[in-house]
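Q: Next up, protein_32.txt (compact mmCIF, C-alpha atoms).
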```txt
# COMPACT_ATOMS: atom_id res chain seq x y z
CA ASP T 1 -54.02 28.82 61.31
CA GLY T 2 -55.03 27.47 64.69
CA GLY T 3 -57.94 25.12 65.04
CA ILE T 4 -59.25 21.68 65.94
CA THR T 5 -58.90 18.73 63.63
CA GLN T 6 -61.11 15.69 63.93
CA SER T 7 -60.56 12.52 61.95
CA PRO T 8 -61.90 10.63 60.23
CA LYS T 9 -64.88 12.57 58.93
CA TYR T 10 -66.88 9.37 58.39
CA LEU T 11 -66.39 6.08 60.22
CA PHE T 12 -68.15 2.76 59.92
CA ARG T 13 -68.04 0.22 62.70
CA LYS T 14 -69.13 -3.37 62.86
CA GLU T 15 -71.02 -4.65 65.83
CA GLY T 16 -68.67 -5.58 68.68
CA GLN T 17 -65.74 -3.49 67.48
CA ASN T 18 -63.99 -0.70 69.32
CA VAL T 19 -63.17 2.41 67.30
CA THR T 20 -61.12 5.49 68.16
CA LEU T 21 -61.93 9.01 67.04
CA SER T 22 -59.07 11.48 66.82
CA CYS T 23 -59.13 15.09 68.04
CA GLU T 24 -56.09 17.40 67.83
CA GLN T 25 -55.91 21.11 68.60
CA ASN T 26 -53.15 23.69 68.10
CA LEU T 27 -54.88 26.55 69.92
CA ASN T 28 -52.93 25.97 73.15
CA HIS T 29 -56.26 25.44 74.91
CA ASP T 30 -56.22 23.79 78.31
CA ALA T 31 -59.56 22.03 78.21
CA MET T 32 -61.00 19.60 75.68
CA TYR T 33 -64.44 18.04 75.37
CA TRP T 34 -66.33 15.33 73.56
CA TYR T 35 -70.01 15.72 72.70
CA ARG T 36 -72.46 13.41 71.00
CA GLN T 37 -75.24 14.71 68.74
CA ASP T 38 -78.12 12.54 67.57
CA PRO T 39 -80.30 13.60 64.61
CA GLY T 40 -82.47 16.58 65.50
CA GLN T 41 -81.06 16.67 69.03
CA GLY T 42 -78.84 18.92 71.09
CA LEU T 43 -75.33 18.12 72.26
CA ARG T 44 -74.68 15.77 75.16
CA LEU T 45 -71.39 15.79 77.04
CA ILE T 46 -69.46 12.51 77.04
CA TYR T 47 -66.11 13.37 78.67
CA TYR T 48 -64.01 16.42 79.32
CA SER T 49 -60.43 17.11 80.36
CA GLN T 50 -59.07 20.24 82.01
CA ILE T 51 -55.41 19.22 82.13
CA VAL T 52 -53.09 16.55 80.79
CA ASN T 53 -53.51 13.12 82.38
CA ASP T 54 -56.84 14.03 83.93
CA PHE T 55 -60.42 13.76 82.66
CA GLN T 56 -63.95 13.60 84.01
CA LYS T 57 -67.13 11.85 82.94
CA GLY T 58 -69.91 13.88 81.44
CA ASP T 59 -73.58 13.01 81.28
CA ILE T 60 -73.32 9.96 78.99
CA ALA T 61 -69.87 8.41 79.57
CA GLU T 62 -70.96 4.76 79.63
CA GLY T 63 -69.48 2.80 76.73
CA TYR T 64 -66.83 5.42 75.99
CA SER T 65 -63.23 5.95 77.09
CA VAL T 66 -60.71 8.77 76.64
CA SER T 67 -57.09 9.63 77.30
CA ARG T 68 -55.20 12.92 77.59
CA GLU T 69 -51.51 12.17 77.29
CA LYS T 70 -50.70 15.41 75.47
CA LYS T 71 -52.24 18.86 75.74
CA GLU T 72 -52.98 18.87 72.02
CA SER T 73 -54.74 15.51 71.80
CA PHE T 74 -57.92 14.01 73.27
CA PRO T 75 -58.92 10.78 71.49
CA LEU T 76 -62.27 9.12 72.15
CA THR T 77 -62.76 5.35 71.99
CA VAL T 78 -66.24 4.05 71.37
CA THR T 79 -66.26 0.59 72.89
CA SER T 80 -68.45 -2.39 72.12
CA ALA T 81 -70.26 -1.66 75.38
CA GLN T 82 -71.88 1.39 73.78
CA LYS T 83 -75.16 -0.08 72.59
CA ASN T 84 -76.22 2.68 70.24
CA PRO T 85 -73.08 4.39 68.93
CA THR T 86 -74.41 5.73 65.64
CA ALA T 87 -74.22 9.51 66.01
CA PHE T 88 -72.31 12.67 65.11
CA TYR T 89 -69.37 13.22 67.48
CA LEU T 90 -68.00 16.69 68.11
CA CYS T 91 -64.76 17.59 69.83
CA ALA T 92 -64.27 21.05 71.32
CA SER T 93 -61.65 22.97 73.24
CA SER T 94 -61.46 26.08 75.40
CA MET T 95 -59.29 27.92 77.84
CA ASN T 96 -59.95 26.84 81.41
CA ILE T 97 -60.33 30.36 82.66
CA GLY T 98 -62.12 33.24 81.03
CA ALA T 99 -65.33 34.10 79.30
CA TYR T 100 -64.74 32.25 76.09
CA GLY T 101 -66.98 29.92 74.23
CA TYR T 102 -65.85 26.62 72.83
CA THR T 103 -64.08 26.07 69.53
CA PHE T 104 -65.48 23.01 67.79
CA GLY T 105 -63.96 20.58 65.35
CA SER T 106 -65.72 19.58 62.14
CA GLY T 107 -67.08 16.36 63.63
CA THR T 108 -66.97 12.62 62.95
CA ARG T 109 -70.06 10.78 61.78
CA LEU T 110 -70.01 7.22 63.14
CA THR T 111 -72.29 4.56 61.72
CA VAL T 112 -72.66 0.99 62.94
CA VAL T 113 -73.07 -1.47 60.08
CA GLU O 114 -78.01 20.47 87.73
CA LEU O 115 -77.95 23.03 84.96
CA LYS O 116 -80.68 22.61 82.35
CA VAL O 117 -81.11 24.66 79.21
CA GLU O 118 -84.39 24.82 77.31
CA GLN O 119 -85.04 26.47 73.97
CA ASN O 120 -88.23 27.29 72.18
CA PRO O 121 -89.43 26.96 69.61
CA LEU O 122 -87.61 23.84 68.42
CA PHE O 123 -88.70 24.42 64.84
CA LEU O 124 -89.27 27.77 63.20
CA SER O 125 -90.31 28.43 59.64
CA MET O 126 -90.47 32.04 58.61
CA GLN O 127 -90.64 34.13 55.50
CA GLU O 128 -87.91 36.43 54.33
CA GLY O 129 -88.23 39.92 55.70
CA LYS O 130 -90.05 38.91 58.87
CA ASN O 131 -88.88 39.25 62.48
CA TYR O 132 -88.86 36.57 65.14
CA THR O 133 -87.38 35.69 68.52
CA ILE O 134 -85.90 32.45 69.85
CA TYR O 135 -86.04 31.97 73.61
CA CYS O 136 -83.56 30.22 75.88
CA ASN O 137 -84.33 29.48 79.53
CA TYR O 138 -81.78 28.03 81.91
CA SER O 139 -82.51 26.49 85.26
CA THR O 140 -79.94 27.85 87.67
CA THR O 141 -78.26 31.14 88.36
CA SER O 142 -75.51 31.44 85.82
CA ASP O 143 -73.22 34.25 84.82
CA ARG O 144 -72.79 33.43 81.13
CA LEU O 145 -74.77 32.40 78.08
CA TYR O 146 -73.57 31.42 74.61
CA TRP O 147 -75.23 31.21 71.21
CA TYR O 148 -73.98 28.96 68.41
CA ARG O 149 -75.02 28.32 64.83
CA GLN O 150 -74.88 24.94 63.08
CA ASP O 151 -75.41 24.41 59.35
CA PRO O 152 -76.65 20.96 58.27
CA GLY O 153 -73.94 18.32 58.65
CA LYS O 154 -71.44 20.89 59.89
CA SER O 155 -69.84 21.87 63.15
CA LEU O 156 -70.90 24.62 65.54
CA GLU O 157 -69.86 28.23 65.05
CA SER O 158 -69.78 30.63 67.97
CA LEU O 159 -72.11 33.63 67.54
CA PHE O 160 -72.38 35.48 70.86
CA VAL O 161 -71.04 35.38 74.40
CA LEU O 162 -73.20 37.13 77.02
CA LEU O 163 -71.61 37.65 80.38
CA SER O 164 -73.81 39.82 82.54
CA ASN O 165 -77.36 40.89 83.21
CA GLY O 166 -78.59 43.24 80.52
CA ALA O 167 -75.87 42.29 78.05
CA VAL O 168 -76.82 42.83 74.40
CA LYS O 169 -74.77 41.79 71.39
CA GLN O 170 -75.59 42.34 67.72
CA GLU O 171 -74.16 40.96 64.51
CA GLY O 172 -75.94 41.78 61.29
CA ARG O 173 -79.58 40.67 61.51
CA LEU O 174 -79.08 38.81 64.80
CA MET O 175 -79.26 40.33 68.26
CA ALA O 176 -78.83 38.43 71.52
CA SER O 177 -79.67 39.59 75.03
CA LEU O 178 -79.41 38.20 78.55
CA ASP O 179 -81.65 38.66 81.61
CA THR O 180 -80.06 36.78 84.49
CA LYS O 181 -82.90 37.62 86.87
CA ALA O 182 -85.44 35.94 84.60
CA ARG O 183 -82.87 33.28 83.59
CA LEU O 184 -83.69 34.06 79.98
CA SER O 185 -81.74 34.83 76.85
CA THR O 186 -83.28 35.80 73.52
CA LEU O 187 -81.97 35.68 69.98
CA HIS O 188 -83.86 38.16 67.84
CA ILE O 189 -83.88 37.87 64.06
CA THR O 190 -84.60 41.04 62.10
CA ALA O 191 -85.75 40.96 58.47
CA ALA O 192 -84.77 37.34 57.97
CA VAL O 193 -82.93 36.22 54.85
CA HIS O 194 -82.45 32.70 53.47
CA ASP O 195 -78.79 32.62 54.56
CA LEU O 196 -79.91 32.60 58.18
CA SER O 197 -81.42 29.13 57.76
CA ALA O 198 -79.58 26.91 60.26
CA THR O 199 -79.95 25.40 63.72
CA TYR O 200 -79.26 27.76 66.60
CA PHE O 201 -78.15 26.50 69.99
CA CYS O 202 -77.91 28.30 73.27
CA ALA O 203 -75.62 27.02 76.00
CA SER O 204 -74.90 28.00 79.56
CA SER O 205 -72.13 27.27 82.01
CA LEU O 206 -72.44 27.42 85.73
CA THR O 207 -68.90 28.19 86.68
CA TYR O 208 -66.14 30.53 85.67
CA ASN O 209 -64.00 27.79 84.22
CA ASN O 210 -66.43 26.75 81.48
CA ASN O 211 -66.14 23.04 82.09
CA ASP O 212 -69.80 22.39 82.73
CA MET O 213 -71.43 23.89 79.64
CA ARG O 214 -74.81 22.44 78.73
CA PHE O 215 -76.62 22.96 75.46
CA GLY O 216 -80.25 23.44 74.60
CA ALA O 217 -81.91 21.13 72.06
CA GLY O 218 -81.53 23.68 69.30
CA THR O 219 -83.96 25.69 67.17
CA ARG O 220 -84.08 24.66 63.53
CA LEU O 221 -84.75 27.83 61.55
CA THR O 222 -85.94 27.74 57.95
CA VAL O 223 -86.31 31.02 56.10
CA LYS O 224 -88.47 30.79 53.01
CA PRO O 225 -88.55 33.24 50.11
```
Once you've parsed the file, please lay out its structure as structure tokens.

A:
Amino acid sequence: DGGITQSPKYLFRKEGQNVTLSCEQNLNHDAMYWYRQDPGQGLRLIYYSQIVNDFQKGDIAEGYSVSREKKESFPLTVTSAQKNPTAFYLCASSMNIGAYGYTFGSGTRLTVV
Amino acid sequence: ELKVEQNPLFLSMQEGKNYTIYCNYSTTSDRLYWYRQDPGKSLESLFVLLSNGAVKQEGRLMASLDTKARLSTLHITAAVHDLSATYFCASSLTYNNNDMRFGAGTRLTVKP
């Protein structure tokens, strides 16, 4: 079955460390996205990518980095520059063209310890 | 800039009652989406509304879109406990979907 896989489900980070969250899709979708969700809040866009080797900043890109070397993969690195990284991170994908909503992964819960 | 606002943010209702969640967006847009999120889980797509006057229904949920008023509604009919979740609306400005913005969500609790 096609879908989006995020890993790990839970991640603990020490202060000053960089961590990378994985997102893989086998839906043949062109575009991929990273969102951050804080408790009781909506989703805020971090980065998105429409095609391989290209990506754009969203509303809260500071302290994060991404790469898009393959169509299927869009990993997110939370760097030590992100001052408040504890949150629920959701990856999504969609076709670039057409009236489709996003397909979301199951999320990664990141906690700074 | 596209902004999406939902109200209410919290909704507690009894089983069997009806209620409506409202979603306002700030710019002229040609599409509106509704998602459901269960606690600790991911988002599930419920409805895609593409044009003025569009109405979609699935079970006890019905969504509609008024592009002139920049308003979408999610109507709940005869609520049941299984509908307890957080509901998000989202809107995109362009045809290619890459600028979707989400509302803050409405946390619905249905009590027996």

Q: With only C-alpha atoms considered, list every residue of chain O at most 6 Å from chain T, as a short mmCIF file (atom, residue, chain, number, x, y, z; two decimals) with C-alpha atoms, keeping the file's coordinate frame.

A:
```
data_model
loop_
_atom_site.label_atom_id
_atom_site.label_comp_id
_atom_site.auth_asym_id
_atom_site.auth_seq_id
_atom_site.Cartn_x
_atom_site.Cartn_y
_atom_site.Cartn_z
CA SER O 155 -69.84 21.87 63.15
CA ASN O 209 -64.00 27.79 84.22
CA PHE O 215 -76.62 22.96 75.46
CA GLY O 216 -80.25 23.44 74.60
CA ALA O 217 -81.91 21.13 72.06
CA GLY O 218 -81.53 23.68 69.30
#
```

Q: Would you mind reading off the distance between CA of Ala192 in chain O and CA of Ser158 in chain O, one decimal, in Å?

A: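 Here the two named atoms are 19.2 Å from each other.
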
Q: Between O:Leu196, O:Met175, O:Ala203, O:Leu187, single out the one closest to Leu221 in chain O, counting all atoms listed in the file.

A: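 Looking at the shortest contact to Leu221 in chain O, the residue is O:Leu196.
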
Q: Give as a list of chain:residue names every residue, naming chains and numbers as the document does, that has an atom within 9 Å of (-81.9, 38.9, 73.7), counting only C-alpha atoms.

A: O:Thr133, O:Ile134, O:Tyr135, O:Gly166, O:Ala167, O:Val168, O:Lys169, O:Met175, O:Ala176, O:Ser177, O:Leu178, O:Asp179, O:Leu184, O:Ser185, O:Thr186, O:Leu187, O:His188

Q: Figure out the distance between CA of Ser139 in chain O and CA of Leu115 in chain O, please, to one decimal in Å.

A: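 If I compute the distance from CA of Leu115 in chain O to CA of Ser139 in chain O, I get 5.7 Å.
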
Q: Could you check the closest approach to Tyr200 in chain O for each of O:Val223, O:Val117, O:Leu156, O:Leu145 and tell me which residue wins, using only C-alpha atoms?

A: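 Comparing O:Val223, O:Val117, O:Leu156, O:Leu145 against Tyr200 in chain O, the winner is O:Leu156.
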
Q: If I put a ball of radius 9 Å at (-62.8, 3.7, 60.5) in the file's coordinates, which residues poke into it when counting only C-alpha atoms, written as a ChimeraX atom specification?

A: /T:8,10-13,19-21,110

Q: Would you mind telling me which residue in T:Val112, T:Ala87, T:Ile51, T:Cys23 lies nearest to Lys71 in chain T when using only C-alpha atoms?

A: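 Smallest distance to Lys71 in chain T is found for T:Ile51.
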
Q: Under the rule that all atoms listed in the file are counted, which of T:Tyr47, T:Ile4, T:Asp54, T:Asn28 is the nearest residue to Val78 in chain T?

A: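 So, comparing all the options, the nearest one is T:Tyr47.
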
Q: So the first atom is CA of Thr219 in chain O and the second is CA of Ala182 in chain O; what is the distance between them in Å, to one decimal place?

A: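 We find that CA of Thr219 in chain O and CA of Ala182 in chain O lie 20.3 Å from each other.
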
Q: What's around Thr140 in chain O at 9 Å? Count only C-alpha atoms, leave out sequence neighbours fewer than 3 positions away in its own chain, and write the answer as a ChimeraX atom specification.

A: /O:114-116,183,206
